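Structure file run-v9.tsv; described as TSV, C-alpha atoms and all ligand atoms.
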```tsv
chain	number	residue	atom	x	y	z
A	1	MET	CA	12.07	43.71	244.99
A	2	VAL	CA	14.71	44.26	242.33
A	3	THR	CA	16.64	46.54	244.70
A	4	SER	CA	16.67	43.95	247.48
A	5	LEU	CA	17.77	41.26	244.98
A	6	LEU	CA	20.56	43.53	243.82
A	7	LEU	CA	21.62	44.25	247.40
A	8	THR	CA	21.68	40.51	248.20
A	9	LEU	CA	23.77	39.92	245.08
A	10	VAL	CA	26.21	42.67	246.06
A	11	GLY	CA	26.39	41.17	249.56
A	12	VAL	CA	27.10	37.68	248.20
A	13	VAL	CA	29.81	39.02	245.86
A	14	ALA	CA	31.36	41.02	248.71
A	15	ILE	CA	31.41	37.96	251.00
A	16	ALA	CA	32.90	35.82	248.19
A	17	LEU	CA	35.57	38.45	247.59
A	18	LEU	CA	36.29	38.64	251.30
A	19	ILE	CA	36.60	34.87	251.57
A	20	SER	CA	38.93	34.67	248.54
A	21	TYR	CA	40.99	37.55	249.96
A	22	GLN	CA	41.23	35.74	253.33
A	23	LEU	CA	42.23	32.50	251.58
A	24	ARG	CA	44.92	34.30	249.58
A	25	LEU	CA	46.17	35.97	252.75
A	26	THR	CA	46.37	32.63	254.59
A	27	ALA	CA	48.26	31.04	251.66
A	28	LEU	CA	50.68	34.00	251.56
A	29	ARG	CA	51.22	33.84	255.32
A	30	ARG	CA	51.88	30.09	255.11
A	31	ARG	CA	54.36	30.63	252.27
A	32	ALA	CA	56.15	33.36	254.27
A	33	GLU	CA	56.30	31.06	257.31
A	34	GLU	CA	57.71	28.24	255.18
A	35	ALA	CA	60.35	30.58	253.69
A	36	GLU	CA	61.25	31.81	257.19
A	37	LYS	CA	61.58	28.23	258.46
A	38	LYS	CA	63.73	27.30	255.45
A	39	ALA	CA	66.01	30.32	256.08
A	40	GLU	CA	66.25	29.42	259.79
A	41	ASP	CA	67.06	25.78	258.93
A	42	ALA	CA	69.76	26.94	256.47
A	43	ARG	CA	71.22	29.33	259.09
A	44	ARG	CA	71.35	26.56	261.70
A	45	LEU	CA	72.83	24.09	259.21
A	46	LYS	CA	75.53	26.62	258.28
A	47	ALA	CA	76.30	27.31	261.95
A	48	GLN	CA	76.44	23.56	262.64
A	49	PHE	CA	78.80	23.10	259.68
A	50	ILE	CA	81.11	25.87	260.94
A	51	ALA	CA	81.01	24.30	264.43
A	52	ASN	CA	81.90	20.84	263.05
A	53	VAL	CA	84.76	22.08	260.84
A	54	SER	CA	86.19	24.22	263.67
A	55	HIS	CA	85.97	21.27	266.04
A	56	GLU	CA	87.76	19.00	263.55
A	57	LEU	CA	90.54	21.60	263.21
A	58	LYS	CA	90.76	22.24	266.92
A	59	THR	CA	91.46	18.66	267.96
A	60	PRO	CA	94.75	18.14	266.02
A	61	LEU	CA	95.78	21.72	266.78
A	62	ASN	CA	95.43	21.02	270.51
A	63	THR	CA	97.86	18.12	270.03
A	64	ILE	CA	100.40	20.47	268.39
A	65	VAL	CA	99.99	23.03	271.21
A	66	GLY	CA	100.22	20.30	273.88
A	67	TYR	CA	103.42	18.72	272.55
A	68	THR	CA	105.04	22.11	271.91
A	69	ASP	CA	104.33	23.05	275.54
A	70	LEU	CA	105.85	19.75	276.75
A	71	LEU	CA	108.94	20.22	274.55
A	72	ARG	CA	109.44	23.73	275.90
A	73	GLU	CA	109.02	22.45	279.45
A	74	LYS	CA	111.98	20.11	278.62
A	75	LYS	CA	109.89	16.96	279.22
A	76	TYR	CA	111.75	15.33	276.29
A	77	GLY	CA	115.22	16.60	277.18
A	78	GLU	CA	117.30	19.73	276.98
A	79	MET	CA	117.18	22.06	273.99
A	80	SER	CA	119.45	24.78	272.69
A	81	ALA	CA	118.36	28.42	272.99
A	82	GLU	CA	117.83	28.47	269.21
A	83	GLN	CA	115.60	25.38	269.31
A	84	ASP	CA	113.61	26.87	272.19
A	85	ASP	CA	113.17	30.13	270.27
A	86	ILE	CA	111.84	28.25	267.25
A	87	LEU	CA	109.45	26.29	269.44
A	88	ARG	CA	108.26	29.52	271.02
A	89	ARG	CA	107.33	30.73	267.54
A	90	VAL	CA	105.48	27.45	266.82
A	91	GLN	CA	103.73	27.77	270.18
A	92	SER	CA	102.69	31.38	269.59
A	93	ALA	CA	101.55	30.73	265.98
A	94	SER	CA	99.50	27.68	266.95
A	95	GLN	CA	97.91	29.54	269.85
A	96	ARG	CA	96.92	32.34	267.46
A	97	PHE	CA	95.52	29.74	265.10
A	98	LEU	CA	93.63	28.22	268.03
A	99	ALA	CA	92.23	31.66	268.92
A	100	LEU	CA	90.92	32.04	265.35
A	101	ILE	CA	89.27	28.61	265.47
A	102	GLN	CA	87.87	29.37	268.90
A	103	ASN	CA	86.25	32.53	267.44
A	104	LEU	CA	84.58	30.44	264.74
A	105	LEU	CA	83.39	27.95	267.37
A	106	ASP	CA	82.06	30.77	269.54
A	107	PHE	CA	80.37	32.46	266.58
A	108	SER	CA	78.57	29.23	265.65
A	109	GLY	CA	77.89	28.51	269.33
A	110	ALA	CA	76.18	31.90	269.68
A	111	GLU	CA	74.12	31.25	266.50
A	112	LEU	CA	72.99	27.91	267.93
A	113	GLY	CA	72.37	29.41	271.38
A	114	LYS	CA	75.08	27.21	272.92
A	115	ILE	CA	77.40	29.50	274.87
A	116	ASP	CA	78.18	28.25	278.37
A	117	VAL	CA	79.55	30.47	281.10
A	118	LYS	CA	81.81	28.71	283.61
A	119	ILE	CA	82.48	30.78	286.70
A	120	SER	CA	85.46	30.10	288.95
A	121	GLY	CA	87.99	31.96	291.09
A	122	PHE	CA	91.32	32.80	289.41
A	123	ASP	CA	94.15	35.31	289.33
A	124	LEU	CA	93.12	37.80	286.62
A	125	ASN	CA	96.55	39.43	286.21
A	126	GLY	CA	98.14	35.98	285.76
A	127	GLU	CA	95.62	35.19	283.03
A	128	LEU	CA	96.23	38.57	281.33
A	129	ALA	CA	100.00	38.04	281.44
A	130	SER	CA	99.75	34.63	279.79
A	131	THR	CA	97.34	35.95	277.14
A	132	LEU	CA	99.81	38.74	276.39
A	133	GLU	CA	102.63	36.22	275.95
A	134	ILE	CA	100.92	34.80	272.83
A	135	TRP	CA	101.28	38.13	271.04
A	136	GLU	CA	104.70	39.20	272.31
A	137	LYS	CA	106.76	37.38	269.71
A	138	LEU	CA	104.68	38.65	266.82
A	139	ALA	CA	104.83	42.24	268.06
A	140	GLU	CA	108.58	41.91	268.63
A	141	GLU	CA	109.02	40.71	265.03
A	142	LYS	CA	107.16	43.81	263.80
A	143	GLY	CA	109.36	46.04	265.98
A	144	VAL	CA	106.40	47.00	268.20
A	145	LYS	CA	106.95	47.18	271.94
A	146	ILE	CA	104.44	45.44	274.21
A	147	THR	CA	104.25	46.42	277.88
A	148	SER	CA	101.84	45.76	280.70
A	149	SER	CA	100.89	47.45	283.92
A	150	LEU	CA	98.79	45.11	286.04
A	151	ASP	CA	97.33	46.44	289.27
A	152	PRO	CA	98.09	43.95	292.13
A	153	GLU	CA	94.91	45.18	293.88
A	154	VAL	CA	92.87	43.28	291.25
A	155	GLY	CA	93.82	39.95	292.87
A	156	GLU	CA	91.51	36.96	292.51
A	157	VAL	CA	88.31	37.42	290.50
A	158	ASN	CA	85.21	35.26	290.17
A	159	SER	CA	84.36	35.11	286.51
A	160	ASP	CA	84.81	33.00	283.36
A	161	ARG	CA	88.53	32.64	282.75
A	162	GLN	CA	88.26	31.33	279.18
A	163	LYS	CA	85.82	34.08	278.12
A	164	ILE	CA	88.10	36.80	279.50
A	165	HIS	CA	91.08	35.18	277.80
A	166	GLN	CA	89.26	35.07	274.46
A	167	ALA	CA	87.91	38.63	274.75
A	168	VAL	CA	91.36	40.05	275.56
A	169	ALA	CA	93.11	37.85	272.98
A	170	ASN	CA	90.84	39.29	270.27
A	171	ILE	CA	91.66	42.85	271.33
A	172	LEU	CA	95.39	42.17	271.53
A	173	SER	CA	95.23	40.47	268.14
A	174	ASN	CA	93.80	43.69	266.67
A	175	ALA	CA	96.37	45.86	268.45
A	176	VAL	CA	99.25	43.80	267.03
A	177	LYS	CA	97.69	43.53	263.57
A	178	PHE	CA	96.92	47.23	263.18
A	179	THR	CA	100.11	48.63	264.74
A	180	GLU	CA	103.18	48.97	262.51
A	181	LYS	CA	105.30	51.09	264.82
A	182	GLY	CA	105.23	52.32	268.38
A	183	SER	CA	103.82	50.36	271.27
A	184	ILE	CA	101.00	48.36	272.78
A	185	GLU	CA	100.02	48.52	276.44
A	186	LEU	CA	97.90	46.11	278.44
A	187	ASN	CA	96.66	47.51	281.74
A	188	SER	CA	94.44	46.31	284.54
A	189	LYS	CA	93.04	48.35	287.40
A	190	LEU	CA	90.68	47.81	290.32
A	191	LEU	CA	88.16	50.64	289.98
A	192	ASN	CA	85.94	50.73	293.05
A	193	GLY	CA	86.40	47.41	294.77
A	194	GLU	CA	83.67	45.86	292.64
A	195	LEU	CA	84.64	46.61	289.07
A	196	VAL	CA	87.84	45.87	287.16
A	197	LEU	CA	89.16	47.74	284.14
A	198	ILE	CA	91.14	45.95	281.42
A	199	GLU	CA	92.58	48.25	278.80
A	200	VAL	CA	94.56	47.72	275.60
A	201	LYS	CA	96.12	50.81	274.03
A	202	ASP	CA	97.96	50.90	270.74
A	203	THR	CA	99.68	53.48	268.60
A	204	GLY	CA	98.44	51.89	265.38
A	205	ILE	CA	96.49	53.04	262.34
A	206	GLY	CA	93.37	53.97	264.34
A	207	ILE	CA	89.75	53.75	263.24
A	208	ALA	CA	87.89	56.33	261.14
A	209	GLU	CA	85.08	58.11	263.03
A	210	ALA	CA	82.55	56.89	260.47
A	211	HIS	CA	83.49	53.26	261.14
A	212	LEU	CA	83.57	53.44	264.96
A	213	PRO	CA	79.81	52.71	265.45
A	214	TYR	CA	80.19	49.45	263.51
A	215	VAL	CA	83.29	47.88	265.10
A	216	PHE	CA	81.23	45.46	267.21
A	217	GLU	CA	79.12	44.25	264.28
A	218	GLU	CA	79.85	40.75	262.98
A	219	PHE	CA	81.89	40.65	259.73
A	220	ARG	CA	82.26	44.46	259.65
A	221	GLN	CA	85.79	45.61	258.80
A	222	GLU	CA	86.85	49.13	257.97
A	223	ASP	CA	88.38	47.82	254.81
A	224	GLY	CA	86.19	44.88	253.77
A	225	THR	CA	87.57	44.62	250.23
A	226	ILE	CA	89.42	41.59	248.92
A	227	LYS	CA	92.55	43.73	248.35
A	228	ARG	CA	92.67	44.84	251.99
A	229	ASP	CA	96.00	45.12	253.78
A	230	TYR	CA	94.89	43.39	257.00
A	231	GLY	CA	93.46	39.89	257.27
A	232	GLY	CA	90.72	38.62	259.54
A	233	THR	CA	87.12	37.47	259.54
A	234	GLY	CA	85.50	40.44	261.28
A	235	LEU	CA	84.38	38.35	264.27
A	236	GLY	CA	86.87	39.28	267.02
A	237	LEU	CA	85.27	42.34	268.58
A	238	SER	CA	81.69	41.09	268.25
A	239	ILE	CA	82.65	37.96	270.20
A	240	SER	CA	84.58	39.98	272.78
A	241	GLN	CA	81.51	42.18	273.30
A	242	LYS	CA	79.15	39.18	273.63
A	243	PHE	CA	81.41	37.58	276.24
A	244	VAL	CA	81.95	40.76	278.24
A	245	HIS	CA	78.16	41.22	278.35
A	246	PHE	CA	77.70	37.65	279.64
A	247	LEU	CA	80.10	38.56	282.44
A	248	GLY	CA	78.02	41.60	283.45
A	249	GLY	CA	80.49	44.03	281.92
A	250	ASP	CA	80.78	46.37	279.00
A	251	ILE	CA	83.32	47.28	276.36
A	252	GLY	CA	84.14	50.53	274.58
A	253	VAL	CA	86.50	51.69	271.84
A	254	LYS	CA	88.15	55.10	271.53
A	255	SER	CA	90.18	55.78	268.45
A	256	LYS	CA	91.47	58.43	266.13
A	257	LYS	CA	92.52	57.70	262.57
A	258	GLY	CA	96.30	57.75	262.41
A	259	SER	CA	96.95	58.03	266.13
A	260	GLY	CA	95.94	54.77	267.75
A	261	THR	CA	93.16	52.95	269.49
A	262	SER	CA	92.23	52.17	273.05
A	263	VAL	CA	89.81	49.39	273.93
A	264	ARG	CA	88.43	49.18	277.45
A	265	ILE	CA	86.57	46.45	279.23
A	266	VAL	CA	84.89	47.00	282.60
A	267	ILE	CA	83.69	43.83	284.35
A	268	PRO	CA	82.50	43.01	287.85
A	269	LYS	CA	85.25	41.49	290.00
A	270	SER	CA	82.87	38.79	291.12
A	271	ILE	CA	79.77	37.26	289.57
A	272	THR	CA	77.73	34.25	290.63
A	273	HIS	CA	75.75	33.57	287.45
A	274	PRO	CA	75.87	34.47	283.72
A	275	MET	CA	74.50	38.00	283.24
A	276	ARG	CA	72.33	37.91	280.15
A	277	ARG	CA	70.10	40.94	280.79
A	278	GLU	CA	71.05	44.46	279.69
A	279	ALA	CA	70.13	45.94	283.09
A	280	GLU	CA	72.77	43.74	284.76
A	281	ARG	CA	75.59	45.51	282.96
A	282	ALA	CA	74.33	49.03	283.62
A	283	PRO	CA	76.83	49.73	286.48
A	284	ALA	CA	79.79	48.72	284.25
A	285	ARG	CA	78.43	50.81	281.35
A	286	LYS	CA	78.08	53.84	283.62
A	287	VAL	CA	81.67	53.59	284.84
A	288	LEU	CA	82.97	52.95	281.31
A	289	ASP	CA	81.19	56.06	279.99
A	290	LYS	CA	82.74	58.20	282.72
A	291	LEU	CA	86.33	57.12	282.05
A	292	PRO	CA	88.42	59.96	280.57
B	1	LIG	N1	93.24	48.28	267.31
B	1	LIG	C1	92.65	48.56	266.15
B	1	LIG	N2	93.22	49.46	265.28
B	1	LIG	C2	92.62	49.75	264.11
B	1	LIG	N3	91.46	49.21	263.67
B	1	LIG	C3	90.85	48.33	264.47
B	1	LIG	C4	91.41	47.95	265.75
B	1	LIG	N4	90.57	47.06	266.33
B	1	LIG	C5	89.55	46.87	265.46
B	1	LIG	N5	89.70	47.63	264.34
B	1	LIG	C6	88.76	47.72	263.20
B	1	LIG	O1	87.56	47.03	263.55
B	1	LIG	C7	87.32	45.95	262.64
B	1	LIG	C8	86.66	44.81	263.37
B	1	LIG	O2	87.58	44.20	264.27
B	1	LIG	P1	87.39	42.65	264.59
B	1	LIG	O3	88.43	42.26	265.56
B	1	LIG	O4	85.98	42.42	264.97
B	1	LIG	O5	87.62	41.93	263.20
B	1	LIG	P2	88.97	41.61	262.42
B	1	LIG	O6	90.16	41.90	263.25
B	1	LIG	O7	88.88	42.31	261.11
B	1	LIG	O8	88.84	40.04	262.15
B	1	LIG	P3	89.11	38.87	263.23
B	1	LIG	O9	89.16	39.49	264.57
B	1	LIG	O10	87.89	38.00	263.08
B	1	LIG	O11	90.35	38.22	262.82
B	1	LIG	C9	88.69	45.65	262.05
B	1	LIG	O12	88.61	45.03	260.78
B	1	LIG	C10	89.29	47.05	261.95
B	1	LIG	O13	88.77	47.73	260.82
B	2	MG	MG	90.23	41.10	265.21
```
Written as structure tokens, that's how I'd like the structure from this file.
Amino acid sequence: MVTSLLLTLVGVVAIALLISYQLRLTALRRRAEEAEKKAEDARRLKAQFIANVSHELKTPLNTIVGYTDLLREKKYGEMSAEQDDILRRVQSASQRFLALIQNLLDFSGAELGKIDVKISGFDLNGELASTLEIWEKLAEEKGVKITSSLDPEVGEVNSDRQKIHQAVANILSNAVKFTEKGSIELNSKLLNGELVLIEVKDTGIGIAEAHLPYVFEEFRQEDGTIKRDYGGTGLGLSISQKFVHFLGGDIGVKSKKGSGTSVRIVIPKSITHPMRREAERAPARKVLDKLP
């Protein structure tokens, strides 16, 4: 009798403990969910803020770029060679500024899941040549030679022109920033009729082996300290990689500290839709891995 009473009591206590444990667990889970939601809201709010500020900066900057282009095209009359040279500097500096803002817009766009891919037919070498032009003046001022070797076989491609421009601009920006003497090369090549190689080689400071695995990570810079010699936000390569992936391609970096860097992009010559799955870029990855 006493034993069964005791057993019932133990059972009741055990059930009560179990219920209180379950209640505590539910409360903890709810609190964790609330904290997660708050963090997600804060992340979205921050991304939205970056998007808004970048947009506000981009609009007047587009006006500067637009009028500088018109002035250089002599729409407002003739100019001396000296005036044209100064305008070329303004043009190149504002385009670099625009590229920086575009990176911030793309970073926030990716955070908010708002990256559009617009596919059209265009002359890839023409696009590469005009992207290169933005960096020529700056390289020239540093005494660094920029050359290009663009394979005419590449011809017209079906891809996203703006994404390719931005991806290559980011790589060229690094090449110019991290090269103090020597040269920078931009090359294109048709690989097998279906894939195109875009390569930027520099003779700059190179990347330490220990840092190489992190170059595509957002905000990661080899020298991330405040006293660092080279500016930047640490977004360029991560955005380039994201874009190249959307285009069904892949990107790789080879570098040796002190003796330069080479960045290679392999993309399909023609795509019909954004390629968001990893399997879709496997052919480009395979070819990239096999390059010497
Ligand atoms: N050509 C290069 N030569 C030497 N180091 C490079 C080169 N390209 C990239 N790196 C290294 O990789 C890091 C990341 O490059 P990434 O372009 O993503 O950022 P960033 O250039 O520092 O900033 P941002 O591109 O946003 O202005 C650089 O800070 C640098 O340490
Ligand atoms: Mg960069």
Identify, counting all atoms listed in the file, the protein, DNA and RNA residues located within 8 Å of ligand LIG 1 (chain B), and give them as a VMD selection string. chain A and resid 100 103 170 to 179 201 to 202 204 to 207 211 to 212 214 to 224 230 to 239 255 260 to 263
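Using all atoms listed in the file, the nearest neighbour of ligand MG 2 (chain B) within the list A:Val12, A:Ala99, A:Ile184, A:Leu45 is A:Ala99.
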Please report the interatomic distance between CA of Gly182 (chain A) and CA of Ile146 (chain A) in Å with one decimal. 9.1 Å
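In this structure, CA of Pro274 (chain A) sits 16.3 Å away from CA of Gln166 (chain A).
When CA of Arg89 (chain A) is paired with CA of Phe107 (chain A), their separation reads 27.0 Å.
Using only C-alpha atoms, the residues found no farther than 12 Å from Pro292 (chain A), other than those of its own chain fewer than 2 positions away, are Gly252, Lys254, Ser262, Arg264, Val287, Leu288, Asp289 and Lys290 of chain A.
Shortest separation to Gly248 (chain A) among A:Val117, A:Thr147, A:Ile134, A:Leu124 occurs at residue A:Val117, atoms counted being all atoms listed in the file.
Remark: for Phe246 (chain A), the closest of the candidate residues A:Ala51, A:Ala42, A:Ala110, A:Val200 is A:Ala110 (distances computed over only C-alpha atoms).
Nearest-residue note for ligand MG 2 (chain B): choosing from A:Ile50, A:Leu23, A:Leu18, A:Ala167, the minimum distance belongs to A:Ala167, counting all atoms listed in the file.
Across A:Val65, A:Ile265, A:Gly121, A:Asp106, the tightest approach to Arg285 (chain A) is made by A:Ile265 when counting only C-alpha atoms.
Checking A:Leu138, A:Val154, A:Leu128, A:Ile119 one by one against Arg96 (chain A), counting all atoms listed in the file, you find the shortest gap at A:Leu138.
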So which residues fall inside 9 Å of (80.6, 30.9, 282.1) if we count all atoms listed in the file? Mind giving them as an NGL selection string? :A and (115-120 or 159-163 or 243 or 246-247 or 273-274)
Extract, using all atoms listed in the file, all DNA, RNA and protein residues at most 7 Å from Leu197 (chain A), discarding same-chain residues fewer than 2 positions from it, and format them as a ChimeraX atom specification. /A:188-191,195,199,264-267
Please rebuild region 1-14 of chain A with N, CA and C atoms and give the result as a PDB file, in the coordinates of the input.
```
ATOM      1  N   MET A   1      11.772  45.130 245.245  1.00  0.00           N
ATOM      2  CA  MET A   1      12.070  43.710 244.990  1.00  0.00           C
ATOM      3  C   MET A   1      13.414  43.545 244.269  1.00  0.00           C
ATOM      4  N   VAL A   2      13.469  44.309 243.115  1.00  0.00           N
ATOM      5  CA  VAL A   2      14.710  44.260 242.330  1.00  0.00           C
ATOM      6  C   VAL A   2      15.881  44.799 243.147  1.00  0.00           C
ATOM      7  N   THR A   3      15.574  45.911 243.891  1.00  0.00           N
ATOM      8  CA  THR A   3      16.640  46.540 244.700  1.00  0.00           C
ATOM      9  C   THR A   3      17.156  45.552 245.742  1.00  0.00           C
ATOM     10  N   SER A   4      16.205  44.863 246.426  1.00  0.00           N
ATOM     11  CA  SER A   4      16.670  43.950 247.480  1.00  0.00           C
ATOM     12  C   SER A   4      17.452  42.774 246.880  1.00  0.00           C
ATOM     13  N   LEU A   5      17.039  42.337 245.658  1.00  0.00           N
ATOM     14  CA  LEU A   5      17.770  41.260 244.980  1.00  0.00           C
ATOM     15  C   LEU A   5      19.197  41.702 244.648  1.00  0.00           C
ATOM     16  N   LEU A   6      19.239  42.957 244.166  1.00  0.00           N
ATOM     17  CA  LEU A   6      20.560  43.530 243.820  1.00  0.00           C
ATOM     18  C   LEU A   6      21.456  43.610 245.048  1.00  0.00           C
ATOM     19  N   LEU A   7      20.835  44.092 246.161  1.00  0.00           N
ATOM     20  CA  LEU A   7      21.620  44.250 247.400  1.00  0.00           C
ATOM     21  C   LEU A   7      22.137  42.892 247.886  1.00  0.00           C
ATOM     22  N   THR A   8      21.262  41.855 247.793  1.00  0.00           N
ATOM     23  CA  THR A   8      21.680  40.510 248.200  1.00  0.00           C
ATOM     24  C   THR A   8      22.859  40.044 247.343  1.00  0.00           C
ATOM     25  N   LEU A   9      22.710  40.322 246.011  1.00  0.00           N
ATOM     26  CA  LEU A   9      23.770  39.920 245.080  1.00  0.00           C
ATOM     27  C   LEU A   9      25.105  40.589 245.420  1.00  0.00           C
ATOM     28  N   VAL A  10      24.992  41.924 245.686  1.00  0.00           N
ATOM     29  CA  VAL A  10      26.210  42.670 246.060  1.00  0.00           C
ATOM     30  C   VAL A  10      26.826  42.077 247.336  1.00  0.00           C
ATOM     31  N   GLY A  11      25.933  41.751 248.292  1.00  0.00           N
ATOM     32  CA  GLY A  11      26.390  41.170 249.560  1.00  0.00           C
ATOM     33  C   GLY A  11      27.118  39.859 249.329  1.00  0.00           C
ATOM     34  N   VAL A  12      26.498  38.993 248.468  1.00  0.00           N
ATOM     35  CA  VAL A  12      27.100  37.680 248.200  1.00  0.00           C
ATOM     36  C   VAL A  12      28.475  37.848 247.536  1.00  0.00           C
ATOM     37  N   VAL A  13      28.528  38.783 246.559  1.00  0.00           N
ATOM     38  CA  VAL A  13      29.810  39.020 245.860  1.00  0.00           C
ATOM     39  C   VAL A  13      30.862  39.529 246.863  1.00  0.00           C
ATOM     40  N   ALA A  14      30.417  40.460 247.738  1.00  0.00           N
ATOM     41  CA  ALA A  14      31.360  41.020 248.710  1.00  0.00           C
ATOM     42  C   ALA A  14      31.902  39.935 249.628  1.00  0.00           C
TER      43      ALA A  14
END
```
